[in-house]
Every structure is written in structure tokens, then in C-alpha cells.
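Enquirer: This is the structure I want to talk about, given as C-alpha cells.
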Amino acid sequence: MLDFLNIVQPVDEENYSYAMKTQVEPYLAKRRRDGHFISADGKKLHYEDYEKLLSRGSIVVLHGFCESAEKFREMTYYFRKAGFSVFALDMRGHGLSYQQSQKQERVEIDSFDTYAEDLNFFIQTVVKPVTVGKTFIYSHSLGSTVSLLYLMKYPYAVDKVVLSSPMICGNMGMPVAVAGMAAKMLCAFG
């Protein structure tokens with residue numbers, strides 16, 4: 001994946017909306033298949049499938065809290081252009097997947113372990129059967145937290161993972177407030 005920037009030209013930031021409407025979205029719309037699978041506990045979960053024949057491998061995209069696969073279509077475009085199959089999952093409680101709450105703006109889940117099990121079921125039943133080559137995860141925020149939990153449970157299930165802004169709090173060996181004050185003082189003193 002190191003040759004990524006040599007293969008793919010980024011969307012022009014000055015004309016971003018125009019480029020997304022005229023370049024990225026039409027390209028993806030021709031290649032997108034919306035799918036559903038039934039999770040291990042019987043819930044219907046949605047994903048977007050951008051499978052590519054003769055791909056370099058598969059990338060599973062996991063969105064952040066209160067987001068969906070739709071938010072990561074620009075990244076999906078780049079991955080697809082670089083030769084990868086892409087599978088973007090709407091995690092439980094998000095997008096077009098099963099929602100425990102009747103309120104669209106509210107996400108409820110009994111345990112984060114459920115997210116990890118959904119991800120495992122998705123990768124094993126949807127992604128792996130059609131993947132030639134390696135399997136990667138690209139995740140953001142909540143998706144990164146789920147990826148970390150997934151890796152703790154299934155350390156050899158995928159080849160590599162990218163964690164963008166993981167929704168975690170590190171163990172500083174002291175209360176978070178004290179660590180924050182210490183960091184601010186250290187920064188103030190250079």
C-alpha cells in the first residue's frame with residue numbers, strides 16, 4: 001500500500017463538492033452493490049460492496065460514531081482506484097443497519113463485544129469468501145475502537161489495520177485529569 005499516492009490522485013480540495021458530485025459519486029455508483037447479512041444473533045446489517053475483479057486484496061471500512069459507510073465514500077474511491085475491493089459496513093445502530101432504538105439519532109448497544117462479533121461474522125461470511133490476497137481494515141473513531149477489540153479477540157483474522165482517531169483513552173498510570181494538566185504544563189515549558 002506504500003505506492004498508494006503514486007496510483008491515486010486526491011480529489012481537488014478547492015472544488016471538492018463539484019469533484020464529489022461529478023467524479024467520485026458517479027464512479028462509485030456504477031460499482032456499488034448494497035447488501036445485507038444476518039448477524040450471529042439474527043439482526044439485519046447493511047454494507048456497501050465495491051468488489052473488484054483481480055483486486056490487490058480487500059479493505060473493510062468501519063465508520064465512526066453516528067456515521068455510516070456513506071461518510072467514507074471518498075476513501076472508498078481512493079481504495080478502489082488503487083486496485084482494492086472495498087466492503088463498507090454500517091455498524092449496528094448506524095446507517096441502514098438494525099437499530100435497537102426507534103429514534104434514528106440514538107445509538108444503543110448492549111455491549112461493544114457485539115460490534116466485534118458482528119465484524120467477525122461480516123469478515124468471515126461476506127468478505128473472506130470473495131477475497132483474493134490480503135484483508136485490511138480501515139477504521140475511524142468508534143470503528144477503530146471496534147477494530148482494536150476485534151483484534152484482541154481474533155488477532156490473526158486480518159493482515160493489517162489502520163486506526164484513525166481511535167475512540168479510546170490511554171492508561172497514563174494516573175488520573176486522566178492529572179495527565180492532562182501535566183501535558184499542558186510540559187507544553188507550556190517547551
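Residues are named by chain letter and number: chains run A, B, ... in the order of the C-alpha cells, numbers start at 1 in each chain, and ligands are numbered from 1 in the order shown.
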I need the residues of region 42-166 of chain A that end up classed as strand (DSSP E or B) by DSSP on the backbone, written out as a count of residues only.

Expert: 30

Enquirer: Leaving out region 71-78 of chain A and any residue of its chain fewer than 5 positions from it, which residues lie within 7 Å of it when counting only C-alpha atoms, given as number ranges by chain?

Expert: A: 8, 24, 28, 86

Enquirer: Counting only C-alpha atoms, which residues of region 139-177 of chain A sit at most 12 Å from some atom of region 87-108 of chain A, and what is each one's closest atom pair with its distance in Å to one decimal, listed by chain and rising residue number, as a Markdown table?

Expert:
```
| residue | atom | partner | partner_atom | distance |
| --- | --- | --- | --- | --- |
| A:Ser139 | CA | A:Ala88 | CA | 9.9 |
| A:His140 | CA | A:Ala88 | CA | 11.9 |
| A:Leu142 | CA | A:Met91 | CA | 9.7 |
| A:Gly143 | CA | A:Met91 | CA | 8.4 |
| A:Val146 | CA | A:Met91 | CA | 9.7 |
| A:Ser147 | CA | A:Met91 | CA | 11.8 |
```

Enquirer: Could you take the residues named above and write them with N, CA, C and O atoms, as a PDB file, in the first residue's frame?

Expert:
```pdb
ATOM      1  N   SER A 139     -10.310   1.997   9.712  1.00  0.00           N
ATOM      2  CA  SER A 139     -11.360   2.340  10.670  1.00  0.00           C
ATOM      3  C   SER A 139     -11.145   3.728  11.258  1.00  0.00           C
ATOM      4  O   SER A 139     -10.025   4.208  11.359  1.00  0.00           O
ATOM      5  N   HIS A 140     -12.260   4.325  11.666  1.00  0.00           N
ATOM      6  CA  HIS A 140     -12.225   5.677  12.232  1.00  0.00           C
ATOM      7  C   HIS A 140     -13.030   5.723  13.527  1.00  0.00           C
ATOM      8  O   HIS A 140     -14.128   5.170  13.601  1.00  0.00           O
ATOM      9  N   LEU A 142     -15.119   5.351  16.500  1.00  0.00           N
ATOM     10  CA  LEU A 142     -15.779   4.161  17.042  1.00  0.00           C
ATOM     11  C   LEU A 142     -15.330   2.913  16.284  1.00  0.00           C
ATOM     12  O   LEU A 142     -15.079   1.863  16.884  1.00  0.00           O
ATOM     13  N   GLY A 143     -15.198   3.019  14.968  1.00  0.00           N
ATOM     14  CA  GLY A 143     -14.749   1.892  14.160  1.00  0.00           C
ATOM     15  C   GLY A 143     -13.365   1.413  14.573  1.00  0.00           C
ATOM     16  O   GLY A 143     -13.079   0.212  14.561  1.00  0.00           O
ATOM     17  N   VAL A 146     -13.729  -0.576  17.768  1.00  0.00           N
ATOM     18  CA  VAL A 146     -14.241  -1.902  17.422  1.00  0.00           C
ATOM     19  C   VAL A 146     -13.119  -2.747  16.813  1.00  0.00           C
ATOM     20  O   VAL A 146     -12.972  -3.928  17.138  1.00  0.00           O
ATOM     21  N   SER A 147     -12.305  -2.150  15.965  1.00  0.00           N
ATOM     22  CA  SER A 147     -11.182  -2.877  15.356  1.00  0.00           C
ATOM     23  C   SER A 147     -10.214  -3.389  16.412  1.00  0.00           C
ATOM     24  O   SER A 147      -9.740  -4.529  16.335  1.00  0.00           O
TER      25      SER A 147
END
```

Enquirer: Compile the contact shell of Arg33 (chain A) as a PyMOL selection string: residues with an atom at most 12 Å away, counting only C-alpha atoms, same-chain residues fewer than 3 positions apart removed.

Expert: chain A and resi 28-30+36+46-52+85-88

Enquirer: Generate a file of the selected residues that holds C-alpha atoms, formatted as a PDB file, in the first residue's frame.

Expert:
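Final output, result_34.pdb:
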```pdb
ATOM      1  CA  LEU A  28     -18.774   4.561  -7.117  1.00  0.00           C
ATOM      2  CA  ALA A  29     -22.465   4.368  -8.073  1.00  0.00           C
ATOM      3  CA  LYS A  30     -21.557   2.206 -11.096  1.00  0.00           C
ATOM      4  CA  HIS A  36     -27.333  -7.174   3.887  1.00  0.00           C
ATOM      5  CA  HIS A  46     -26.178  -3.351   5.847  1.00  0.00           C
ATOM      6  CA  TYR A  47     -22.963  -2.948   3.887  1.00  0.00           C
ATOM      7  CA  GLU A  48     -21.744  -1.424   0.639  1.00  0.00           C
ATOM      8  CA  ASP A  49     -19.745  -3.758  -1.588  1.00  0.00           C
ATOM      9  CA  TYR A  50     -17.278  -2.427  -4.149  1.00  0.00           C
ATOM     10  CA  GLU A  51     -15.809  -5.740  -5.224  1.00  0.00           C
ATOM     11  CA  LYS A  52     -13.133  -5.570  -7.910  1.00  0.00           C
ATOM     12  CA  SER A  85     -12.115  -4.432  -3.264  1.00  0.00           C
ATOM     13  CA  VAL A  86     -13.885  -2.416  -0.565  1.00  0.00           C
ATOM     14  CA  PHE A  87     -16.558  -3.531   1.884  1.00  0.00           C
ATOM     15  CA  ALA A  88     -18.008  -0.676   3.951  1.00  0.00           C
TER      16      ALA A  88
END
```

Enquirer: Please extract the residues of region 112-154 of chain A with a backbone DSSP assignment of alpha helix (DSSP H) and present them as a list in words.

Expert: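 So, restricting region 112-154 of chain A to alpha helix (DSSP H), we get Phe112, Asp113, Thr114, Tyr115, Ala116, Glu117, Asp118, Leu119, Asn120, Phe121, Phe122, Leu142, Gly143, Ser144, Thr145, Val146, Ser147, Leu148, Leu149, Tyr150, Leu151, Met152 and Lys153 of chain A.
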
Enquirer: Limited to N, CA and C atoms, could you put the picked residues into a file as a compact mmCIF listing (two decimals), in the first residue's frame?

Expert:
```txt
# COMPACT_ATOMS: atom_id res chain seq x y z
N PHE A 112 -20.03 -3.69 23.57
CA PHE A 112 -19.14 -3.50 22.44
C PHE A 112 -18.69 -4.84 21.87
N ASP A 113 -18.75 -5.89 22.67
CA ASP A 113 -18.44 -7.22 22.16
C ASP A 113 -19.34 -7.57 20.98
N THR A 114 -20.56 -7.06 20.98
CA THR A 114 -21.49 -7.31 19.88
C THR A 114 -20.93 -6.75 18.59
N TYR A 115 -20.36 -5.54 18.64
CA TYR A 115 -19.74 -4.95 17.45
C TYR A 115 -18.62 -5.85 16.92
N ALA A 116 -17.78 -6.34 17.83
CA ALA A 116 -16.66 -7.19 17.42
C ALA A 116 -17.17 -8.49 16.79
N GLU A 117 -18.22 -9.05 17.36
CA GLU A 117 -18.78 -10.28 16.80
C GLU A 117 -19.44 -10.02 15.44
N ASP A 118 -20.12 -8.87 15.30
CA ASP A 118 -20.69 -8.50 14.00
C ASP A 118 -19.58 -8.38 12.96
N LEU A 119 -18.49 -7.72 13.32
CA LEU A 119 -17.37 -7.54 12.40
C LEU A 119 -16.77 -8.89 12.02
N ASN A 120 -16.58 -9.76 12.99
CA ASN A 120 -16.03 -11.08 12.69
C ASN A 120 -16.94 -11.85 11.75
N PHE A 121 -18.24 -11.84 12.03
CA PHE A 121 -19.20 -12.55 11.19
C PHE A 121 -19.19 -11.97 9.77
N PHE A 122 -19.13 -10.65 9.65
CA PHE A 122 -19.09 -9.97 8.36
C PHE A 122 -17.84 -10.38 7.57
N LEU A 142 -15.12 5.35 16.50
CA LEU A 142 -15.78 4.16 17.04
C LEU A 142 -15.33 2.91 16.28
N GLY A 143 -15.20 3.02 14.97
CA GLY A 143 -14.75 1.89 14.16
C GLY A 143 -13.36 1.41 14.57
N SER A 144 -12.50 2.34 14.96
CA SER A 144 -11.16 1.97 15.43
C SER A 144 -11.22 1.24 16.77
N THR A 145 -12.11 1.68 17.63
CA THR A 145 -12.30 1.00 18.91
C THR A 145 -12.78 -0.43 18.68
N VAL A 146 -13.73 -0.58 17.77
CA VAL A 146 -14.24 -1.90 17.42
C VAL A 146 -13.12 -2.75 16.81
N SER A 147 -12.30 -2.15 15.96
CA SER A 147 -11.18 -2.88 15.36
C SER A 147 -10.21 -3.39 16.41
N LEU A 148 -9.91 -2.55 17.40
CA LEU A 148 -8.99 -2.98 18.47
C LEU A 148 -9.58 -4.14 19.27
N LEU A 149 -10.84 -4.04 19.61
CA LEU A 149 -11.49 -5.13 20.35
C LEU A 149 -11.51 -6.40 19.50
N TYR A 150 -11.80 -6.25 18.22
CA TYR A 150 -11.81 -7.37 17.29
C TYR A 150 -10.43 -8.03 17.23
N LEU A 151 -9.38 -7.22 17.15
CA LEU A 151 -8.01 -7.76 17.09
C LEU A 151 -7.62 -8.47 18.38
N MET A 152 -8.14 -7.99 19.52
CA MET A 152 -7.87 -8.68 20.78
C MET A 152 -8.51 -10.06 20.79
N LYS A 153 -9.69 -10.17 20.18
CA LYS A 153 -10.40 -11.45 20.16
C LYS A 153 -9.92 -12.37 19.03
```

Enquirer: When distances are computed from only C-alpha atoms, which of A:Val60, A:Ile123, A:Ala69, A:Leu54 shows the smallest separation from Ala157 (chain A)?

Expert: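 Closest to Ala157 (chain A) of all the choices is A:Ile123.
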
Enquirer: Separation of CA of Ser111 (chain A) and CA of Cys66 (chain A), in Å?

Expert: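 A separation of 16.4 Å between them.
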
Enquirer: Tell me, in Å to one decimal, how far CA of Pro10 (chain A) is from CA of Tyr138 (chain A).

Expert: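 Here the two named atoms are 17.4 Å from each other.
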
Enquirer: Hey, which of A:Gly173, A:Ser58, A:Leu163, A:Met185 ends up closest to Pro129 (chain A)? Count only C-alpha atoms.

Expert: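 The shortest atom-to-atom distance to Pro129 (chain A) comes from A:Ser58.
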
Enquirer: Nearest to Tyr27 (chain A) among A:Pro155, A:Ala177, A:Gly170, A:Lys81, with distances taken over only C-alpha atoms: which residue is it?

Expert: A:Lys81

Enquirer: Please, what distance in Å, to one decimal, runs between CA of Lys134 (chain A) and CA of Gly57 (chain A)?

Expert: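 Interatomic distance here is 4.8 Å.
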
Enquirer: Would you mind telling me which residue in A:Asp12, A:Glu25, A:Asp110, A:Asp41 lies nearest to Glu70 (chain A) when using only C-alpha atoms?

Expert: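 Comparing A:Asp12, A:Glu25, A:Asp110, A:Asp41 against Glu70 (chain A), the winner is A:Glu25.
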
Enquirer: Here is a test: counting only C-alpha atoms, which residue of A:Val161, A:Ile168, A:Ile7, A:Ala179 is nearest to Val61 (chain A)?

Expert: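 Using only C-alpha atoms, Val61 (chain A) sits closest to A:Val161.
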
Enquirer: Rank A:Val178, A:Ile109, A:Val11, A:Ala40 by their smallest atom-to-atom distance to Thr125 (chain A), using only C-alpha atoms, and report the top residue only.

Expert: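 Of A:Val178, A:Ile109, A:Val11, A:Ala40, the one nearest Thr125 (chain A) is A:Ala40, counting only C-alpha atoms.
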